[in-house]
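Just below is one structure, and these are the notes that go with it.
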Amino acid sequence: MSLSRRFRERAERPIHRDSFVTPWPDVGLVVADSPNDPAPSLRLAHGHIVEMDGVPREQMDLLDLFIAEHAIDLSVAGEAMATPSETIARMLVDINVPRRQIIRLVGGCTAAKLVEIVRHLSVLEMMLAFAKMRVRRTPANQAHVTNRTDNPVLLAADAAEAALRGFAENETTVGVARAAPLNALAILVGSQVGRPGVLTQCAVEEAIGLRLGIKGLTSYAETLSVYGTEQVFIDGDDTPWSKAFLASAYASRGIKIRFTSGTGSEALMGHAEGRSMLYLEARCLLVTRGAGSQGVQNGSISCVALPESLPGGVRIILAENLLAAMLNLEVAAGNDALASHSDIRKTAKLMCQFLPGADFVHSGFSSMPRYDNMFGGGCFDSSEYDDYLVLQRDMQVDAGLRPVREPEVLAVRERAARALQGLFRELALPTIADAEVEAAVIAADSRDLPERDRVADLAAADRFLAGEQTLVDIVNALDRAGYSDVAEALLELGRQRVLGDYLQPAAILSHADGHLRVLSGINDANDYVGPGTGFRLQGERWAEVCNIPEALPPETYLEGQGAHPADRLRELGVAAPGASAEVVIAVGPAFGRALTETICGLPHEAVLEQLIGGIAEEGLTARIVKVYHTADCAFIGYAGAQLSGSGIAIGLQSRGTAVIHRSDLAPLNNLELFSMSPNLTLDSYRQMGRNAARYARGLPVTPVAVTVDNWVRLRLIVKTMLLHRRECEEVDVQRRPVELHFDYEPEV
Amino acid sequence: MDESHYPLGDHARTEVRAQSGKLLSQLTLAEARSGELSPDDLRIHPDTLREQARIAAEAGWGQLAANLRRAAELAIMPNERVLTIYEALRPYRVPQTRLFELADEVETQYGAIETAALIREAAAAYRKRGLL
C-alpha cells in the first residue's frame, strides 16, 4: 500500500489492470530486434533462391520453401536486396516517391529485409508511409456482429444498424459452432436491409466457412489464419499450400478472401523459435502474398495484449500494418480485440490507423455492446459510436462511419428482424415470434431478448447446412415473404459474385447513381503523393461527417432571449454622479432588452431584485445605470464605480458575469470578481448586493462563496460566446451611461 | 480486357455470363419467381475469373492473378471435389502418392494445370518436412 494518496489513487486507474513485462527474446517475448532474428540475405542460382535470410535451401522449412517459390519477385530481388534498407525507409516517407515505385522494389525483399526497412521508421513516419501505401484510396471500416446466444433476430437487427452506420463489411462468428449457418443467414439479410452491398462473413473452421460461402451465405472470408513458424502453422491444421488452395477455392465460388495473421500468436502458441514478433509477422505476410490473397487482417488481432505488454509494442503493431501495405495487400488493420483497460491508451493506439486511414480501420468494430462480442471483447463497441463520430469530425478524418438518428436506426432494425421472421417462416426454420422482433428493435444486448429454443435452432442449422438450399432459395423465400427489395439486394450480391469484381484488391461495394459499384485498388487506387493528393474528406461526405445530432444551429443557444423585454425597466436620461449612501448597479448594453436572461436562465429582473434587496439589507440604496460604451464586465463595473456616490459599483454583464468595483481601482482590478456566471444563483446575487453595500459603508466583508466547477466553462463556452456576441452588438462607444428606472421596492 | 475494362460491372455487364451460360441481365427476380434460376446461375464463370486474373496481373498483383487462374480451374469442379482436395492438402492427411494422384486427376479431368502444379509442389515440400 502506497503512503501517498496520489499514488494509491493512480494505482486504481484502468491502466494498472493492463499487463507489462520486460522482454525475453528466447521465447519470442520481444516485438522487434531479437538477437535471434536473421540478417537479410538472398542468393540466387539458375533462377532459383538457394539461400534466404541465412537459411540454405536444404535447411528451409515449409514457410521458407513457399516464400522462396511464390512470394519474392526475382526480377527485382537483386536490386531490392542491394538497396540499403534506410534508403527504402526514406522512400516510404518521401512524398515525391510514388507508391508504385516502392511496391515494385519491396516485391523483391525477404522477411528480414522488410523488418530492417521498417525498423528505421518512427511511429509518425510509419503513419505517413501507411497513408501513402494502403491499397484503396477511400478508407472503410468493418463491424463485428455477434451475440452470446447466437440469437438470429438480434443478429439481423444489429447487422442492419451496422450497415446503416456505414460499415462496408459485417463479420459474425458463433457461440456454438453449429449455429454458423443461421448466424451467417441472419447477418446477410440484416446487412442488406441496412444498406445493400455490405459484404458479410462468418468466422468459423475453414472447411465449414467454405461451405457457407458456397451456399451463398457469405460473400467474403478472412479467417484464413497463417502463422510465422512451421510448428504453429501445422498446429493450425494447415500448410501454406493448403491455405493457397483454400484461397483459390473461395475465389472459384466468387468469394472474396483475406488472410489473417498478427504479432504475438507464435509466442502465445509456444513456438516462436526465439524470433521477434515482427520478423515472424513478415514471414506470415510473405506467405499471404505468395498464396495470392488480395489482403490480410493484421495488427496483432486477438493476441494484441501480448505485444502491447512489451516496450514499443504499439509501434510494431503499426509496423505490421505498414509491411502488409508495402506488400500491396489490403489491410484490415486490427483495433478489434480488447487491447487495454485504459481508454486513453486504446484511443492513442487507434490513432496510428485512424489518422493515416486504412482499407479497414478496424477489422471488427463491435457494433453491439462488448458483452455480446464473441471475438475477444471488442476494443471499441457500440457504446462508443458517438465518441468515434466526434473524432471523425474533430480530425476531418473518414474512418467509414456516418452519423445516424434513432428513428432511422429503429426502422432498419425492425425491418431486418421482420424480414428474417418472414424468411424463417418461408424456409420452415424455427418460428420467430413478434415479441422477439419487438425486443430486438430496442434491445441493448442479448439479455433483452426472449429465450429461443436453441436445440431447435441448432437442429435447423444442421439441416440447412446439409441441405440443398442456396442463395437462390433465400432470394425466393424473401420475395414470397413480401420483402422483394431485400430479395433483390441479395440477388444483386449474387450478380456481383458472377462478376467477380470484388475479388480484386481491397474491394468494397459502394453506391453510385443508385447502383452498386466496386471500389478497389484497381479503380480507386491510392494515389497519395503529398498535400492535395490522395483521399481527402470533403464535399458531401464531409458534410455528412459534420452532421452529428449533437451539433446545434447557433440560434438554438439563444432561444427565449429577448422575447419578453424587461418591461419594469425604463431608460431615463444620461446618468449623473450620485450621493454617498448608494451602490451603483451597472448593467451591460443588451441587459433586459436584446438579452433577458443570464446564461443559466435567471431572468434579468429577478437578478436585479436580489442585488437591490441585498444592498437594502445593509441599509443603502441602489441606483441602476446602463453602460453602452463597452461589453466588458470589468469596464462596465469601472464605469459604474465612477458614477457611484460611494465609489462602489456592481458591474453586471447580461449573461450574468459580475464584478464588485471601486472607483479608485484600475479598470481591470476589482474587489470581487464572479467570472463563473453559470455557477451564480439568485442567492449569490443577493450576497453580492450585501457585500457591495458593506464595502460602501467601510465594514469588514467576507467574500461571497461561489461554487467552483471548472467543467462549466467547457459545457457553456458556445453559449457564452454567443451571449457575449449579442451584448457586443448593442455596444455604442459614443453613448454615455444611462440612468435606469426599475419598478421595484425592496422589502426591508 | 485490361484495367480500363474494370469493373466489369460497369464496362461489361451486358456480356458477362454466369457459369450456367445465362447472361447477367437474365438473373432477375422475375426469373427467380418463375423457377428459372438455378444455383449455377449465381456461380462465376471460369472465363470471368481468367479476365479478373488478367486485370490483376496488369495492375501489378502477380500472385493474386495466379490465385485467380487456379480459381478458374476450380470453378468447374464440383464442391465436394474441391473440399476433398483441400482436406488432402492439410497436414498429415494423405500419403504423397495420393497427392500425386490428385494432381494427375485434376490435370486430366479438368485441365487444372496450375492447381496440379501447386499440389505436386506441396507433395514435395511435405515429404521434405515429414508432413505425410
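Identifiers in this document derive from the order of the C-alpha cells: chains are assigned A, B, ..., residues are numbered from 1 separately in each chain, and ligands are numbered from 1 in order of occurrence.
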### Task
Quick one: everything within 7 Å of range 26-37 of chain B, counting only C-alpha atoms, minus sequence neighbours fewer than 5 positions away in the same chain. Send it as a ChimeraX atom specification.
/A:472,476,488
Restricted to C-alpha atoms, what would the selected residues look like written as a tab-separated table (two decimals), in the first residue's frame?
```tsv
chain	number	residue	atom	x	y	z
A	472	VAL	CA	-31.48	-18.76	-54.88
A	476	ASN	CA	-37.22	-16.69	-53.47
A	488	GLU	CA	-33.38	-8.01	-54.98
```
Could you build a table of the residues in range 31-119 of chain B lying no more than 10 Å from range 191-213 of chain A, giving for each the nearest pair of atoms and their separation in Å rounded to one decimal place, using only C-alpha atoms, ordered by chain and ascending residue number, as a Markdown table?
```
| residue | atom | partner | partner_atom | distance |
| --- | --- | --- | --- | --- |
| B:Asn79 | CA | A:Arg211 | CA | 8.4 |
| B:Glu80 | CA | A:Arg211 | CA | 9.6 |
| B:Val82 | CA | A:Leu210 | CA | 9.9 |
| B:Leu83 | CA | A:Ala207 | CA | 7.2 |
| B:Thr84 | CA | A:Ala207 | CA | 10.0 |
| B:Tyr86 | CA | A:Ala207 | CA | 8.3 |
| B:Glu87 | CA | A:Ala207 | CA | 8.2 |
```
Using only C-alpha atoms, find each residue of chain B with at least one atom at most 7 Å away from an atom of chain A; report its shortest atom-to-atom pair and that distance in Å (one decimal), sort the rows by chain and rising residue number, and return the result as CSV.
```
residue,atom,partner,partner_atom,distance
B:Tyr6,CA,A:Asn523,CA,7.0
B:Pro7,CA,A:Asp501,CA,5.7
B:Leu8,CA,A:Leu499,CA,6.4
B:Gly9,CA,A:Leu499,CA,6.4
B:Val16,CA,A:Leu499,CA,6.9
B:Ala18,CA,A:Val498,CA,5.7
B:Leu24,CA,A:Arg495,CA,6.7
B:Leu29,CA,A:Glu488,CA,6.5
B:Ala32,CA,A:Asn476,CA,6.5
B:Arg33,CA,A:Asn476,CA,6.6
B:Leu37,CA,A:Val472,CA,6.9
B:Ser38,CA,A:Val472,CA,6.8
B:Pro39,CA,A:Val472,CA,6.3
B:Leu42,CA,A:Gly494,CA,5.4
B:Arg43,CA,A:Val498,CA,5.6
B:Ile44,CA,A:Val498,CA,4.1
B:His45,CA,A:Val498,CA,6.9
B:Thr48,CA,A:Leu499,CA,6.9
B:Leu49,CA,A:Gly500,CA,6.9
B:Ala56,CA,A:Gln504,CA,6.7
B:Ala59,CA,A:Ile522,CA,6.8
B:Gln63,CA,A:Gly292,CA,4.4
B:Leu64,CA,A:Gly292,CA,3.9
B:Ala66,CA,A:Gly292,CA,6.6
B:Asn67,CA,A:Gly292,CA,5.0
B:Leu68,CA,A:Ser248,CA,6.4
B:Arg70,CA,A:Ser248,CA,5.8
B:Ala71,CA,A:Ser252,CA,4.2
B:Ala72,CA,A:Ser252,CA,5.9
B:Leu74,CA,A:Ser252,CA,5.7
B:Ala75,CA,A:Ser252,CA,4.5
B:Val82,CA,A:Ala249,CA,6.8
B:Tyr86,CA,A:Ser242,CA,6.1
B:Leu89,CA,A:Ser242,CA,5.0
B:Arg90,CA,A:Asp238,CA,4.9
B:Pro91,CA,A:Asp238,CA,5.9
B:Ala122,CA,A:Trp241,CA,5.9
B:Ala125,CA,A:Leu62,CA,6.6
B:Arg129,CA,A:Asp61,CA,6.8
```
### Sel. of helix (DSSP H, G or I) residues, range 620-675 of chain A, as JSON, numbers by chain
{"A": [633, 634, 635, 636, 637, 638, 639, 640, 641, 642, 643]}
Closest-contact table, range 544-608 of chain A side, partner range 382-394 of chain A, 9 Å, counting only C-alpha atoms, as a Markdown table:
```
| residue | atom | partner | partner_atom | distance |
| --- | --- | --- | --- | --- |
| A:Val545 | CA | A:Arg393 | CA | 5.9 |
| A:Cys546 | CA | A:Arg393 | CA | 5.5 |
| A:Asn547 | CA | A:Arg393 | CA | 8.6 |
| A:Ile548 | CA | A:Leu389 | CA | 7.2 |
```
### Task
Select, from B:Ala123, B:Ala65, B:Ala12, B:Ala53, the residue with the minimum atom-to-atom distance to Ala103 in chain B, counting only C-alpha atoms.
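That would be B:Ala123, the residue with the smallest distance to Ala103 in chain B.
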### Gly562 in chain A surroundings by only C-alpha atoms, 10 Å radius, close-in-sequence under 3 positions cut, as a list in words
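Answer for this query is Leu558, Glu559, Pro565, Ala566, Ala590, Phe591, Gly592, Arg593, Ala594, Leu595, Thr596 and Glu597 of chain A.
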### Close residues, Lys346 in chain A itself excluded, 8 Å, only C-alpha atoms, min 6 positions apart in chain, as a PyMOL selection string
chain A and resi 339-340+379
## Note on the structure
The distance between CA of Arg50 in chain B and CA of Pro78 in chain B is 18.6 Å
### Query
Looking only at the backbone, which of the residues in range 456-643 of chain A does DSSP tag as strand (DSSP E or B), as a PyMOL selection string?
chain A and resi 508-512+515-519+525+569-574+582-587+591+595+597+603+621-626
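Of the listed residues (A:Ile432, A:Val437, A:Pro549, A:His604), A:Ile432 comes nearest to Ala456 in chain A; the distances count only C-alpha atoms.
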### Message
What does the structure give for the distance between CA of Ala419 in chain A and CA of Ala157 in chain A, in Å to one decimal?
### Response
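Pair CA of Ala419 in chain A / CA of Ala157 in chain A returns 9.9 Å.
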